[in-house]
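Participant: I'd like to ask you about the structure that follows.
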Amino acid sequence: MYIYHSEIKAVVFDIGQTLVHYPFPLNWSALYRPAFESIAEEYQLTIKEVEYEHIGNVLTKYNTRINPRELEVSSTEIFTEILEGTSIPKSYLKGIKKSFYSYFCREAQLYPEVEETLREIKSKKILIGTLSDVAYGMDNVYALNDIKDILKYVDFPYTSNDTKYRKPSGKGLSLLAEKMNLSVSEIIFVGDEKKDIECAHNAGARAVLVNRTGEIKEYGEEIQITSLYDILDYLENNL
């Protein structure tokens with residue numbers, strides 16, 4: 001357990017399953033084919049079996065649930081590699097990226113307590129940020145669209161696209177602290193996965209684990225909460 005004496009001046013949130021609920025599994029492997037079948041229908045494309053295999057292989061290569069990486073890779077790099085092994089015109093790249101990401105974001109919903117919690121944090125003059133790993137290089141225009149209704153409360157809406165590092169590396173959070181002009185010890189990082197807790201500790205920040213499922217999870221976090229409302233009590237005791 002880490003011991004901190006710094007006053008909390010910022011709260012940084014992961015996005016997926018922390019601020020936003022996504023009904024899809026963390027590993028999208030089983031949905032590569034349905035997603036591209038939907039794209040084929042949308043663009044009236046004929047995708048051959050060998051091309052579906054190529055698409056699946058490239059996406060698996062960049063699937064961080066299977067092949068973890070520290071450095072982020074751009075969506076353009078990933079989807080250019082995908083299209084190079086198919087007959088799909090390169091001019092479709094931007095549209096296909098949008099359709100692919102939209103397939104997985106179409107049922108995204110903010111958790112009900114999120115807006116009120118962020119509003120209360122903001123009222124305490126505490127900075128708010130996000131730091132979320134994007135899936136398959138997802139551009140911020142899509143990654144941050146799922147929190148568009150609360151962006152007015154977020155001073156530093158960051159993803160791994162901005163920092164170029166993925167969790168559990170603490171480098172992204174350290175870079176965000178520099179942007180905030182704060183010491184990392186003045187930040188709490190809130191997330192739902194082991195890598196979020198490790199990211200916080202690797203950077204030197206306090207870690208809060210959101211556990212909405214009731215599963216037994218112990219990753220060395222400072223506190224574990226079942227709702228973001230509980231952050232407010234923690235802040236009251238640490239300001």
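Ordering of the structure tokens sets the chain letters (A, B, ...), residue numbers begin anew at 1 in every chain, and ligands are numbered from 1 in the order given.
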Any idea what's packed within 8 Å of stretch 158-164 of chain A, counting only C-alpha atoms, ignoring anything in its chain fewer than 2 positions away? Could you give it as a list of chain:residue names?

Facilitator: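 My reading of the contact set: A:Leu71, A:Glu72, A:Val73, A:Ser74, A:Gly129, A:Thr130, A:Leu131, A:Ser132, A:Asp133, A:Val134, A:Gly137, A:Asp139, A:Asn140, A:Phe156, A:Arg166, A:Lys171, A:Gly172, A:Leu175, A:Leu176.
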
Participant: For the interface of stretch 42-71 of chain A with stretch 20-26 of chain A (cut-off 12 Å, counting only C-alpha atoms), please tabulate each contacting residue of stretch 42-71 of chain A alongside its nearest pair of atoms and their separation in Å to one decimal, rows sorted by chain and increasing number, as a tab-separated table.

Facilitator:
residue	atom	partner	partner_atom	distance
A:Asn63	CA	A:Leu26	CA	10.0
A:Thr64	CA	A:Leu26	CA	9.8
A:Arg65	CA	A:Leu26	CA	7.5
A:Ile66	CA	A:Leu26	CA	10.7

Participant: Suppose you want the space between atom CA of A:Ile187 and atom CA of A:Val12; what is it in Å?

Facilitator: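 Separation between atom CA of A:Ile187 and atom CA of A:Val12: 7.1 Å.
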
Participant: In Å, with one decimal, what is the gap from atom CA of A:Glu81 to atom CA of A:Tyr52?

Facilitator: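 We find that atom CA of A:Glu81 and atom CA of A:Tyr52 lie 13.1 Å from each other.
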
Participant: Can you work out the spacing between atom CA of A:Leu59 and atom CA of A:Gly191 in Å, to one decimal?

Facilitator: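 The value is 25.0 Å.
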